[in-house]
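Undergrad: My structure is stored as structure27.txt, with compact mmCIF, C-alpha atoms and all ligand atoms.
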# COMPACT_ATOMS: atom_id res chain seq x y z
CA MET A 1 -5.54 -28.75 -6.87
CA THR A 2 -9.18 -28.13 -5.86
CA LYS A 3 -10.81 -24.92 -6.91
CA LYS A 4 -12.20 -22.86 -4.07
CA ASP A 5 -15.59 -21.20 -4.43
CA VAL A 6 -15.77 -17.76 -2.88
CA ASP A 7 -18.30 -14.91 -2.98
CA ILE A 8 -15.65 -12.21 -3.45
CA LEU A 9 -12.01 -12.74 -4.34
CA ILE A 10 -10.02 -9.66 -3.31
CA VAL A 11 -6.70 -8.85 -4.97
CA GLY A 12 -4.76 -6.83 -2.41
CA ALA A 13 -4.95 -6.65 1.40
CA GLY A 14 -4.43 -2.90 1.74
CA PRO A 15 -6.94 -0.77 3.68
CA VAL A 16 -9.50 -0.90 0.90
CA GLY A 17 -9.27 -4.68 0.47
CA LEU A 18 -9.68 -5.06 4.24
CA PHE A 19 -12.72 -2.78 4.43
CA THR A 20 -14.27 -4.77 1.56
CA VAL A 21 -14.37 -7.76 3.93
CA PHE A 22 -16.36 -5.64 6.40
CA GLU A 23 -18.92 -4.37 3.90
CA ALA A 24 -19.27 -7.84 2.35
CA GLY A 25 -19.60 -9.39 5.82
CA LEU A 26 -22.52 -7.10 6.64
CA LEU A 27 -24.34 -8.61 3.67
CA GLY A 28 -23.36 -12.17 4.57
CA LEU A 29 -20.79 -12.50 1.76
CA LYS A 30 -17.50 -14.31 2.32
CA CYS A 31 -14.19 -13.05 0.98
CA HIS A 32 -10.74 -14.40 0.31
CA LEU A 33 -7.92 -11.81 0.27
CA ILE A 34 -4.67 -12.38 -1.59
CA ASP A 35 -1.58 -10.19 -1.29
CA ASN A 36 1.88 -10.61 -2.68
CA LEU A 37 3.45 -8.83 0.28
CA ASP A 38 4.39 -10.73 3.43
CA LYS A 39 2.06 -8.65 5.56
CA ILE A 40 -1.46 -7.22 5.69
CA GLY A 41 -2.02 -3.51 5.19
CA GLY A 42 -0.75 -2.49 1.73
CA GLN A 43 1.04 0.86 1.51
CA CYS A 44 0.16 1.74 5.13
CA ALA A 45 2.01 -1.25 6.54
CA GLU A 46 4.78 -1.44 3.96
CA LEU A 47 5.66 2.18 3.34
CA TYR A 48 4.70 4.31 6.31
CA PRO A 49 3.54 2.24 9.32
CA GLU A 50 4.63 4.83 11.89
CA LYS A 51 3.49 7.96 10.08
CA PRO A 52 0.33 9.58 11.39
CA ILE A 53 -2.85 9.73 9.30
CA TYR A 54 -5.22 12.59 10.10
CA ASP A 55 -8.00 12.25 7.53
CA ILE A 56 -9.85 9.09 8.47
CA PRO A 57 -13.35 10.39 9.34
CA GLY A 58 -13.96 10.41 13.06
CA VAL A 59 -10.39 9.37 13.86
CA PRO A 60 -8.37 12.53 14.52
CA PHE A 61 -5.05 10.67 14.72
CA GLN A 62 -3.85 7.18 13.96
CA THR A 63 -0.53 5.87 12.73
CA ALA A 64 -0.82 3.94 9.48
CA GLN A 65 -0.14 0.66 11.32
CA GLN A 66 -2.77 1.49 13.97
CA HIS A 67 -5.17 2.11 11.11
CA VAL A 68 -4.45 -1.33 9.63
CA ASP A 69 -4.76 -2.95 13.07
CA ALA A 70 -8.14 -1.26 13.57
CA LEU A 71 -9.36 -2.53 10.20
CA ILE A 72 -8.25 -6.07 11.09
CA GLU A 73 -10.11 -5.75 14.40
CA GLN A 74 -13.20 -4.45 12.59
CA ILE A 75 -13.43 -7.49 10.30
CA LYS A 76 -12.94 -10.03 13.10
CA PRO A 77 -16.69 -10.81 13.35
CA PHE A 78 -16.70 -12.01 9.75
CA GLU A 79 -15.44 -15.20 8.16
CA TYR A 80 -12.71 -14.57 5.62
CA GLU A 81 -9.47 -16.12 4.49
CA ILE A 82 -6.22 -14.52 3.56
CA SER A 83 -3.21 -15.71 1.54
CA LEU A 84 0.00 -13.69 1.82
CA ASN A 85 3.22 -13.85 -0.22
CA GLU A 86 1.06 -14.85 -3.14
CA ARG A 87 0.29 -12.96 -6.33
CA VAL A 88 -2.87 -13.15 -8.37
CA ASP A 89 -1.53 -14.03 -11.78
CA SER A 90 -4.39 -14.78 -14.08
CA ILE A 91 -8.10 -14.22 -14.45
CA SER A 92 -10.20 -16.01 -17.05
CA GLU A 93 -13.85 -16.67 -17.71
CA ASP A 94 -14.98 -19.98 -16.24
CA SER A 95 -18.65 -20.13 -17.20
CA ASN A 96 -21.66 -17.97 -17.78
CA GLU A 97 -25.08 -18.90 -16.42
CA ASP A 98 -28.13 -16.65 -16.75
CA ASN A 99 -25.86 -13.88 -17.97
CA ILE A 100 -23.74 -13.96 -14.82
CA THR A 101 -20.09 -14.70 -15.46
CA ARG A 102 -18.13 -16.85 -13.06
CA TRP A 103 -14.43 -16.10 -13.06
CA ARG A 104 -11.49 -18.38 -12.53
CA VAL A 105 -8.56 -16.86 -10.66
CA ALA A 106 -5.10 -18.45 -10.42
CA THR A 107 -2.27 -17.45 -8.10
CA SER A 108 1.50 -17.74 -8.10
CA ASP A 109 1.21 -20.52 -5.49
CA GLY A 110 -1.05 -22.61 -7.67
CA GLN A 111 -4.33 -21.86 -5.85
CA GLU A 112 -7.44 -21.62 -8.02
CA PHE A 113 -10.66 -19.86 -7.16
CA ILE A 114 -14.06 -19.70 -8.81
CA THR A 115 -16.02 -16.54 -8.08
CA LYS A 116 -18.70 -14.25 -9.43
CA ASN A 117 -16.92 -11.21 -8.05
CA ILE A 118 -13.31 -10.14 -8.25
CA PHE A 119 -12.38 -6.98 -6.38
CA ILE A 120 -9.08 -5.57 -7.57
CA ALA A 121 -7.83 -3.51 -4.61
CA ALA A 122 -4.26 -3.62 -5.85
CA GLY A 123 -3.24 -0.03 -5.04
CA ALA A 124 -0.28 0.84 -7.19
CA GLY A 125 0.08 -2.74 -8.34
CA SER A 126 2.86 -4.90 -7.01
CA PHE A 127 5.30 -2.26 -5.94
CA GLU A 128 9.02 -2.36 -5.43
CA PRO A 129 11.25 0.34 -4.02
CA ARG A 130 13.61 1.96 -6.54
CA ARG A 131 17.16 0.87 -5.88
CA PRO A 132 20.07 3.36 -5.78
CA PRO A 133 21.54 3.94 -9.23
CA ASN A 134 24.99 2.56 -10.15
CA ILE A 135 25.27 0.35 -7.06
CA GLU A 136 25.81 -3.30 -7.73
CA ASN A 137 23.61 -5.52 -5.55
CA PRO A 138 22.56 -2.87 -2.99
CA ASP A 139 20.32 -5.50 -1.32
CA ALA A 140 23.35 -7.48 -0.11
CA LEU A 141 23.33 -5.52 3.18
CA MET A 142 19.53 -5.19 3.44
CA GLU A 143 19.28 -6.38 7.04
CA ASN A 144 22.62 -4.82 7.90
CA GLY A 145 22.31 -1.13 7.28
CA VAL A 146 20.49 -0.79 3.96
CA SER A 147 16.75 -0.11 3.91
CA TYR A 148 14.13 1.19 1.49
CA ALA A 149 11.35 1.95 3.97
CA VAL A 150 11.07 2.66 7.67
CA GLN A 151 9.55 -0.47 9.20
CA SER A 152 10.38 0.60 12.73
CA LYS A 153 11.78 3.89 13.98
CA LYS A 154 13.68 1.96 16.66
CA ARG A 155 16.13 0.72 14.04
CA TYR A 156 17.45 4.29 13.64
CA GLU A 157 17.62 5.24 17.32
CA ASN A 158 21.06 6.64 18.27
CA LYS A 159 22.41 5.69 14.85
CA ASP A 160 24.28 7.70 12.24
CA VAL A 161 21.76 7.72 9.41
CA ILE A 162 22.04 8.87 5.81
CA ILE A 163 18.74 9.39 3.98
CA PHE A 164 18.80 9.56 0.19
CA GLY A 165 16.01 11.13 -1.87
CA GLY A 166 14.21 14.34 -2.72
CA GLY A 167 10.52 13.55 -2.35
CA ASP A 168 7.97 13.45 0.46
CA SER A 169 9.24 10.28 2.10
CA ALA A 170 12.85 11.51 2.27
CA LEU A 171 11.76 14.85 3.75
CA ASP A 172 9.20 13.34 6.14
CA TRP A 173 11.62 10.79 7.54
CA THR A 174 14.45 13.31 7.83
CA VAL A 175 12.20 15.46 10.02
CA GLU A 176 10.73 12.50 11.91
CA LEU A 177 14.02 10.73 12.65
CA ALA A 178 15.98 13.89 13.47
CA ASP A 179 14.79 13.60 17.09
CA ILE A 180 15.93 10.04 17.68
CA ALA A 181 18.93 9.43 15.42
CA LYS A 182 22.45 10.21 16.59
CA SER A 183 22.97 12.11 13.35
CA ILE A 184 20.99 12.54 10.14
CA SER A 185 22.38 13.46 6.73
CA LEU A 186 20.01 14.09 3.85
CA VAL A 187 21.55 13.50 0.45
CA HIS A 188 19.96 14.71 -2.79
CA ARG A 189 21.34 15.34 -6.24
CA ARG A 190 20.11 18.92 -6.32
CA ASP A 191 19.14 21.57 -3.81
CA ALA A 192 15.47 21.47 -4.78
CA PHE A 193 12.93 19.05 -3.35
CA ARG A 194 9.75 17.57 -4.78
CA GLY A 195 8.04 17.11 -1.41
CA ALA A 196 5.57 19.27 0.51
CA GLN A 197 6.81 22.82 1.03
CA HIS A 198 6.08 22.92 4.74
CA THR A 199 8.09 19.71 5.32
CA GLU A 200 10.97 21.13 3.29
CA ALA A 201 10.79 24.26 5.47
CA GLN A 202 10.87 22.07 8.61
CA MET A 203 13.89 20.20 7.23
CA ARG A 204 15.74 23.46 6.42
CA GLU A 205 15.01 24.75 9.92
CA LEU A 206 16.59 21.58 11.35
CA VAL A 207 19.62 22.21 9.11
CA LYS A 208 19.92 25.70 10.63
CA GLN A 209 19.76 24.17 14.09
CA GLU A 210 22.51 21.75 13.00
CA LYS A 211 20.23 18.78 13.65
CA VAL A 212 20.32 17.73 9.99
CA ASN A 213 23.32 17.67 7.70
CA LEU A 214 22.06 18.59 4.21
CA LEU A 215 24.30 17.31 1.42
CA THR A 216 23.42 18.64 -2.04
CA PRO A 217 24.25 18.18 -4.87
CA TYR A 218 25.44 14.69 -4.01
CA GLN A 219 24.72 11.16 -5.14
CA ILE A 220 25.65 7.78 -3.69
CA HIS A 221 28.87 6.48 -5.23
CA SER A 222 29.32 3.30 -3.20
CA ILE A 223 28.27 1.60 -0.01
CA ILE A 224 31.07 1.04 2.49
CA GLY A 225 31.04 -2.09 4.67
CA GLU A 226 31.67 -5.80 4.42
CA ASP A 227 29.06 -7.54 6.58
CA LYS A 228 27.53 -4.35 7.87
CA VAL A 229 27.24 -0.79 6.56
CA THR A 230 29.89 1.52 8.00
CA GLY A 231 29.35 4.44 5.67
CA ALA A 232 28.93 5.63 2.10
CA GLU A 233 31.01 7.25 -0.58
CA LEU A 234 29.19 10.28 -1.97
CA LYS A 235 29.94 12.00 -5.24
CA ASN A 236 29.67 15.77 -5.42
CA PHE A 237 27.98 16.67 -8.70
CA ASP A 238 29.75 20.04 -9.01
CA THR A 239 33.32 19.14 -8.06
CA LYS A 240 33.07 15.42 -9.07
CA GLU A 241 34.98 14.67 -5.87
CA ILE A 242 34.21 11.60 -3.82
CA GLU A 243 33.70 12.05 -0.09
CA GLU A 244 33.34 9.42 2.59
CA VAL A 245 30.62 9.77 5.24
CA ALA A 246 30.42 7.36 8.17
CA ALA A 247 27.00 5.82 8.84
CA ASP A 248 25.27 2.86 10.47
CA GLU A 249 22.13 3.08 8.36
CA LEU A 250 21.53 4.06 4.73
CA LEU A 251 17.88 4.73 3.96
CA PHE A 252 17.16 4.97 0.23
CA LEU A 253 13.84 6.70 -0.38
CA PHE A 254 13.76 7.06 -4.15
CA GLY A 255 10.10 6.14 -4.44
CA LEU A 256 8.51 3.06 -5.83
CA ASN A 257 8.47 1.35 -9.14
CA LYS A 258 4.83 0.71 -9.60
CA LYS A 259 4.40 -2.45 -11.57
CA LEU A 260 0.94 -3.38 -12.67
CA GLY A 261 2.46 -6.75 -13.52
CA PRO A 262 -0.14 -9.39 -14.32
CA ILE A 263 -3.00 -6.87 -14.16
CA LEU A 264 -1.94 -5.70 -17.61
CA ASP A 265 -2.87 -9.11 -19.03
CA TRP A 266 -6.43 -9.17 -17.71
CA GLU A 267 -7.83 -7.26 -20.71
CA LEU A 268 -9.27 -4.52 -18.55
CA GLU A 269 -9.76 -1.00 -19.84
CA LEU A 270 -6.93 1.14 -18.49
CA ASN A 271 -6.26 4.85 -18.29
CA GLU A 272 -2.48 5.08 -18.11
CA LYS A 273 -1.65 2.81 -15.18
CA LYS A 274 -5.09 2.69 -13.60
CA ILE A 275 -8.18 0.63 -14.22
CA SER A 276 -11.17 2.56 -15.55
CA VAL A 277 -14.41 2.07 -13.62
CA ASN A 278 -17.88 3.55 -13.55
CA THR A 279 -18.87 5.51 -10.46
CA GLU A 280 -22.18 3.74 -9.92
CA ASN A 281 -20.72 0.45 -8.74
CA PHE A 282 -16.98 0.69 -9.56
CA GLN A 283 -17.18 -2.14 -12.04
CA THR A 284 -14.58 -2.34 -14.80
CA ASN A 285 -15.38 -3.02 -18.44
CA LYS A 286 -15.96 -6.65 -17.37
CA ASP A 287 -19.06 -7.68 -15.42
CA GLY A 288 -18.13 -8.93 -11.98
CA ILE A 289 -14.63 -7.45 -12.00
CA PHE A 290 -14.49 -4.36 -9.80
CA ALA A 291 -11.56 -2.05 -9.12
CA VAL A 292 -11.51 -0.13 -5.83
CA GLY A 293 -9.02 2.11 -4.05
CA ASP A 294 -5.87 3.59 -5.56
CA ILE A 295 -5.84 1.21 -8.53
CA ASN A 296 -8.96 2.67 -10.15
CA ASP A 297 -9.60 5.72 -12.24
CA TYR A 298 -12.70 7.84 -12.87
CA PRO A 299 -13.32 11.57 -13.24
CA GLY A 300 -12.36 13.33 -10.01
CA LYS A 301 -10.56 10.32 -8.50
CA LEU A 302 -8.40 11.00 -5.43
CA ASP A 303 -5.93 8.45 -4.07
CA LEU A 304 -7.21 8.62 -0.51
CA ILE A 305 -8.20 5.82 1.82
CA LEU A 306 -11.63 7.28 2.52
CA CYS A 307 -12.44 7.42 -1.21
CA GLY A 308 -11.57 3.72 -1.49
CA PHE A 309 -13.91 2.93 1.41
CA HIS A 310 -16.80 4.66 -0.36
CA GLU A 311 -16.03 2.92 -3.65
CA THR A 312 -15.94 -0.57 -2.21
CA THR A 313 -19.12 -0.03 -0.17
CA LEU A 314 -21.04 0.62 -3.38
CA ALA A 315 -19.26 -2.12 -5.32
CA VAL A 316 -20.20 -4.72 -2.68
CA GLN A 317 -23.89 -3.91 -3.30
CA GLU A 318 -23.49 -4.96 -6.93
CA ALA A 319 -21.55 -8.06 -5.88
CA TYR A 320 -24.53 -9.05 -3.71
CA ARG A 321 -26.92 -8.59 -6.65
CA ARG A 322 -24.75 -10.87 -8.79
CA ILE A 323 -24.91 -13.58 -6.10
CA HIS A 324 -28.61 -13.13 -5.32
CA PRO A 325 -30.11 -11.99 -8.63
CA GLY A 326 -33.49 -10.34 -8.35
CA GLU A 327 -33.22 -9.86 -4.57
CA ARG A 328 -33.27 -6.47 -2.91
CA VAL A 329 -29.92 -5.69 -1.29
CA PRO A 330 -30.60 -5.53 2.46
CA PHE A 331 -29.87 -2.08 3.81
CA GLY A 332 -29.45 -1.33 7.47
CA TYR A 333 -27.47 0.84 9.80
CA THR A 334 -24.85 -0.97 11.84
CA THR A 335 -26.38 0.72 14.90
CA SER A 336 -29.41 -1.54 14.48
CA ASN A 337 -27.62 -4.64 13.16
CA THR A 338 -28.26 -7.07 16.02
CA LYS A 339 -26.55 -9.96 14.20
CA LEU A 340 -23.29 -7.98 14.08
CA GLN A 341 -23.76 -6.77 17.65
CA ARG A 342 -24.22 -10.37 18.80
CA LYS A 343 -21.01 -11.38 17.05
CA LEU A 344 -19.28 -8.50 18.78
CA GLY A 345 -20.78 -9.63 22.09
CA VAL A 346 -22.59 -6.34 22.67
CA ALA A 347 -26.15 -7.62 22.22
CA GLU A 348 -28.11 -10.60 23.53
C1 LIG B 401 3.84 8.23 2.58
C2 LIG B 401 2.34 8.11 2.31
C3 LIG B 401 1.46 8.79 3.13
C4 LIG B 401 0.08 8.67 2.90
N1 LIG B 401 -0.78 9.35 3.72
C5 LIG B 401 -2.11 9.23 3.54
C6 LIG B 401 -3.04 9.91 4.37
O1 LIG B 401 -2.66 10.65 5.29
N2 LIG B 401 -4.38 9.74 4.13
C7 LIG B 401 -4.86 8.94 3.11
O2 LIG B 401 -6.08 8.81 2.96
N3 LIG B 401 -4.00 8.31 2.29
C8 LIG B 401 -2.65 8.42 2.47
N4 LIG B 401 -1.80 7.77 1.63
C9 LIG B 401 -2.37 6.99 0.52
C10 LIG B 401 -2.95 5.65 1.02
O3 LIG B 401 -1.92 4.89 1.66
C11 LIG B 401 -3.55 4.88 -0.14
O4 LIG B 401 -4.62 5.65 -0.65
C12 LIG B 401 -4.06 3.52 0.31
O5 LIG B 401 -3.03 2.72 0.82
C13 LIG B 401 -4.72 2.81 -0.86
O6 LIG B 401 -5.22 1.61 -0.38
P1 LIG B 401 -5.48 0.37 -1.35
O7 LIG B 401 -6.05 -0.69 -0.47
O8 LIG B 401 -6.25 0.84 -2.52
O9 LIG B 401 -4.05 -0.05 -1.92
P2 LIG B 401 -2.64 -0.37 -1.25
O10 LIG B 401 -2.54 0.13 0.13
O11 LIG B 401 -1.63 0.07 -2.23
O12 LIG B 401 -2.63 -1.97 -1.19
C14 LIG B 401 -2.64 -2.71 -2.39
C15 LIG B 401 -2.10 -4.11 -2.12
O13 LIG B 401 -2.31 -4.92 -3.30
C16 LIG B 401 -1.23 -5.82 -3.43
N5 LIG B 401 -1.18 -6.30 -4.83
C17 LIG B 401 -1.00 -5.56 -5.96
N6 LIG B 401 -1.06 -6.36 -7.06
C18 LIG B 401 -1.27 -7.63 -6.57
C19 LIG B 401 -1.41 -8.92 -7.21
N7 LIG B 401 -1.39 -9.08 -8.54
N8 LIG B 401 -1.59 -10.00 -6.40
C20 LIG B 401 -1.64 -9.90 -5.05
N9 LIG B 401 -1.52 -8.69 -4.41
C21 LIG B 401 -1.34 -7.59 -5.17
C22 LIG B 401 -0.03 -4.97 -3.03
O14 LIG B 401 1.03 -5.82 -2.58
C23 LIG B 401 -0.60 -4.13 -1.87
O15 LIG B 401 -0.36 -4.71 -0.60
C24 LIG B 401 -0.42 7.88 1.83
C25 LIG B 401 0.49 7.18 1.01
C26 LIG B 401 1.86 7.29 1.25
C27 LIG B 401 2.79 6.53 0.34
With the file now loaded, output its structure as C-alpha cells.
TA:
Amino acid sequence: MTKKDVDILIVGAGPVGLFTVFEAGLLGLKCHLIDNLDKIGGQCAELYPEKPIYDIPGVPFQTAQQHVDALIEQIKPFEYEISLNERVDSISEDSNEDNITRWRVATSDGQEFITKNIFIAAGAGSFEPRRPPNIENPDALMENGVSYAVQSKKRYENKDVIIFGGGDSALDWTVELADIAKSISLVHRRDAFRGAQHTEAQMRELVKQEKVNLLTPYQIHSIIGEDKVTGAELKNFDTKEIEEVAADELLFLFGLNKKLGPILDWELELNEKKISVNTENFQTNKDGIFAVGDINDYPGKLDLILCGFHETTLAVQEAYRRIHPGERVPFGYTTSNTKLQRKLGVAE
C-alpha cells in the first residue's frame, strides 16, 4: 500500500472539517478528509438534517443539511479528497526534520498517509445512538419501522409514530412531526424532561390540543412486528402493567454514546472526553496535531459550529507555517482574492 502525502489530513467531515478545506485552500494547501460515517456532514447530516439552524453568521435560516450542502459548495474551487466509511485508527511519528514532525496516519481500510498536519475535527468521536434498554436486537427492524434519528421527515408522514426519550431531540421531533404524522405518542420513563423548557411547553400545548399522546411513566417492553413494526408493548412504571400501542414507526431518541475510540490511544492530553488545545493555534500537546470543533477543550469553549470555524481558521495558519517554515502566511480578504474569484468564474 503506497503512503499518500498530504498537506493536512482531516479526521472528521463534519462542518468544521469541511470549512478547514476552505481555509486551507485559500492558502494553497491540500486536504484529505476521512470520516467513519457513510455521509459528509457530521452531526448536522447524521442527527438533525432537517432541523433549522439560526446562528450561522449572515445566514438567518438554514436546515442542517442545507448548511452542509453550502459548505460542500464553498469548497468546490479547491482540490481535496474524501474517504467515507473509514475510521482513522492510528497516528504515529514518521520522521522529524528541522524540528518539524511528519506524522503517519493509518485507517481502518488500510490507507496510510504522511503529513505534517493532522486536524482532528472528530466532534464527539465516533458516535452511536443509544439502543433501547432490554430489547434484544432492536436493529433487526431498522429499515422497517425502527429508527434512531430522523433522516427524512417524509418517512413519518401519515404514520402512527411513537417517539421514545426525554431530551431535546425527543421533544424537538415530537413538536416537529406532530404536523405531518397521523398520530404521535411520546414515551418517557418519568413526567420530567431534560430538554429546552420552551420546547417542552410547546409539546405540552400539543398534548392539550390532543395532537400528541404523552405517555409517562412508561418504558418500551418489546417491539411488536415480524418483518415490519406494527406496534410496541409499553410498561407502566407505576402499575407495572404492559400495554400495547399500535404504530408504524418507533423512533428511539435516547441520545448518543460518544466513543472517542482510537483517539484515546493517540497520547494526546485530554480533559475528560475532549482534547486540550491552546487558543493561539488550537494545537494539542503534540506539534502538528490540531483539534478543532466540538472535540476540543479550552477555557470558555462552546460546542457551536461558528466557534469551530474560528478555531480552524487560526489552526490552518500554523499548518501553513509548518509546511513553509520561515515564510509569512499570506493574508488577504476573499473580496480581493482574484485567484479564488477566477476559480469561481466571477473574475477574468
Ligand atoms: C440536535 C442538535 C442541534 C444543534 N443545533 C445547533 C445550532 O443550532 N447551532 C450550532 O452552532 N450548533 C448546533 N449543534 C451543534 C453542532 O452540530 C456541532 O457543534 C457541530 O456539528 C460540530 O462540528 P464538528 O465538525 O466539530 O463535529 P461533528 O459534526 O460531530 O463531526 C465529526 C465527524 O468526525 C467523525 N469521526 C469521529 N472520529 C473519527 C475517526 N476516528 N475517524 C474518522 N471519522 C471520525 C464522525 O463520524 C463525525 O462525522 C447542534 C447539535 C445537535 C445534536
Undergrad: Which neighbours of A:Phe19 fall inside 9 Å, counting all atoms listed in the file, when residues of the same chain fewer than 3 positions from it are skipped, and could you give them as a ChimeraX atom specification?
TA: /A:14-16,22-24,71-72,74-75,308-309,312-313
Undergrad: Interatomic distance between atom CA of A:Glu81 and atom CA of A:Lys339?
TA: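 That distance, rounded to one decimal, is 20.6 Å.
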Undergrad: Within 9 Å of A:Ile120, counting all atoms listed in the file, which residues qualify if same-chain residues fewer than 2 places away don't, as a PyMOL selection string?
TA: chain A and resi 9-12+17+118+122-123+289-293+295-296
Undergrad: Using Å and a single decimal, report how far atom C11 of ligand LIG 401 (chain B) sits from atom CA of A:Asn117.
TA: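 So the two atoms, atom CA of A:Asn117 and atom C11 of ligand LIG 401 (chain B), lie 22.4 Å apart.
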Undergrad: Just checking: using all atoms listed in the file, which residue out of A:Glu244, A:Asp35, A:Glu327, A:Asp191 ends up closest to A:Thr107?
TA: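 Comparing A:Glu244, A:Asp35, A:Glu327, A:Asp191 against A:Thr107, the winner is A:Asp35.
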Undergrad: To one decimal in Å, tell me the separation between atom C5 of ligand LIG 401 (chain B) and atom CA of A:Ala149.
TA: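 Rounded to one decimal, the two atoms are 15.3 Å apart.
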Undergrad: List every protein, DNA or RNA residue that has an atom no more than 12 Å from (11.9, -0.1, 10.9) in the file's coordinate frame, counting only C-alpha atoms, and report them as a list in words.
TA: Ala45, Glu46, Leu47, Tyr48, Pro49, Glu50, Lys51, Met142, Glu143, Gly145, Val146, Ser147, Tyr148, Ala149, Val150, Gln151, Ser152, Lys153, Lys154, Arg155, Tyr156, Glu157, Trp173, Leu177, Glu249 and Leu251 of chain A
Undergrad: Need to verify the contact set: A:Lys259, 12 Å, only C-alpha atoms, exclusion of same-chain residues closer than 6 positions in sequence. Can you return it as a PyMOL selection string?
TA: chain A and resi 122-130+273-274+295
Undergrad: For A:His324, work out the shell of residues within 12 Å, counting all atoms listed in the file and skipping chain neighbours fewer than 2 positions away, then give it as a PyMOL selection string.
TA: chain A and resi 7+27-29+98+100+116+317-322+326-330
Undergrad: Select all residues near (-20.6, 5.7, -11.6) (cut-off 10 Å, inclusive, file coordinates), counting all atoms listed in the file, and output them as a ChimeraX atom specification.
TA: /A:277-283,298-299,311,314
Undergrad: Any chance you can output those residues with C-alpha atoms as a PDB file, in the coordinates of the input?
TA:
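Full text of selection.pdb as output:
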ATOM      1  CA  VAL A 277     -14.410   2.070 -13.620  1.00  0.00           C
ATOM      2  CA  ASN A 278     -17.880   3.550 -13.550  1.00  0.00           C
ATOM      3  CA  THR A 279     -18.870   5.510 -10.460  1.00  0.00           C
ATOM      4  CA  GLU A 280     -22.180   3.740  -9.920  1.00  0.00           C
ATOM      5  CA  ASN A 281     -20.720   0.450  -8.740  1.00  0.00           C
ATOM      6  CA  PHE A 282     -16.980   0.690  -9.560  1.00  0.00           C
ATOM      7  CA  GLN A 283     -17.180  -2.140 -12.040  1.00  0.00           C
ATOM      8  CA  TYR A 298     -12.700   7.840 -12.870  1.00  0.00           C
ATOM      9  CA  PRO A 299     -13.320  11.570 -13.240  1.00  0.00           C
ATOM     10  CA  GLU A 311     -16.030   2.920  -3.650  1.00  0.00           C
ATOM     11  CA  LEU A 314     -21.040   0.620  -3.380  1.00  0.00           C
TER      12      LEU A 314
END
Undergrad: Given all atoms listed in the file as the basis, pick out the residue of A:Leu340, A:Val21, A:Ala64, A:Val161 nearest to ligand LIG 401 (chain B).
TA: A:Ala64
Undergrad: Give the centre and edge lengths of an axis-aligned box, in Å to one decimal, that holds all listed atoms of stretch 179-189 of chain A with 8 Å on each side, as AutoDock Vina command-line options.
TA:
--center_x 18.9 --center_y 12.4 --center_z 5.7 --size_x 24.2 --size_y 21.9 --size_z 39.9
Undergrad: Hey, which of A:Glu136, A:Asp172, A:Glu93, A:Asp5 ends up closest to ligand LIG 401 (chain B)? Count all atoms listed in the file.
TA: A:Asp172
Undergrad: Which residue is closest to A:Ala246? Choose from A:Ile162, A:Val212, A:Val316, A:Leu268 and count only C-alpha atoms.
TA: A:Ile162
Undergrad: In terms of the shortest atom-to-atom distance over all atoms listed in the file, which of A:Gly300, A:Gly261, A:Gly110, A:Pro138 is closest to A:Ile224?
TA: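 Once distances to A:Ile224 are computed over all atoms listed in the file, the minimum belongs to A:Pro138.
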Undergrad: Could you tell me which of A:Gly255, A:Gly165, A:Gly231, A:Pro217 comes closest to ligand LIG 401 (chain B) if we count only C-alpha atoms and all ligand atoms?
TA: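 Among the listed residues, A:Gly255 lies closest to ligand LIG 401 (chain B).
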Undergrad: Please list as number ranges by chain every residue within 9 Å of A:Pro133, counting all atoms listed in the file and excluding residues in the same chain fewer than 2 positions away.
TA: A: 130-131, 135-136, 219-221
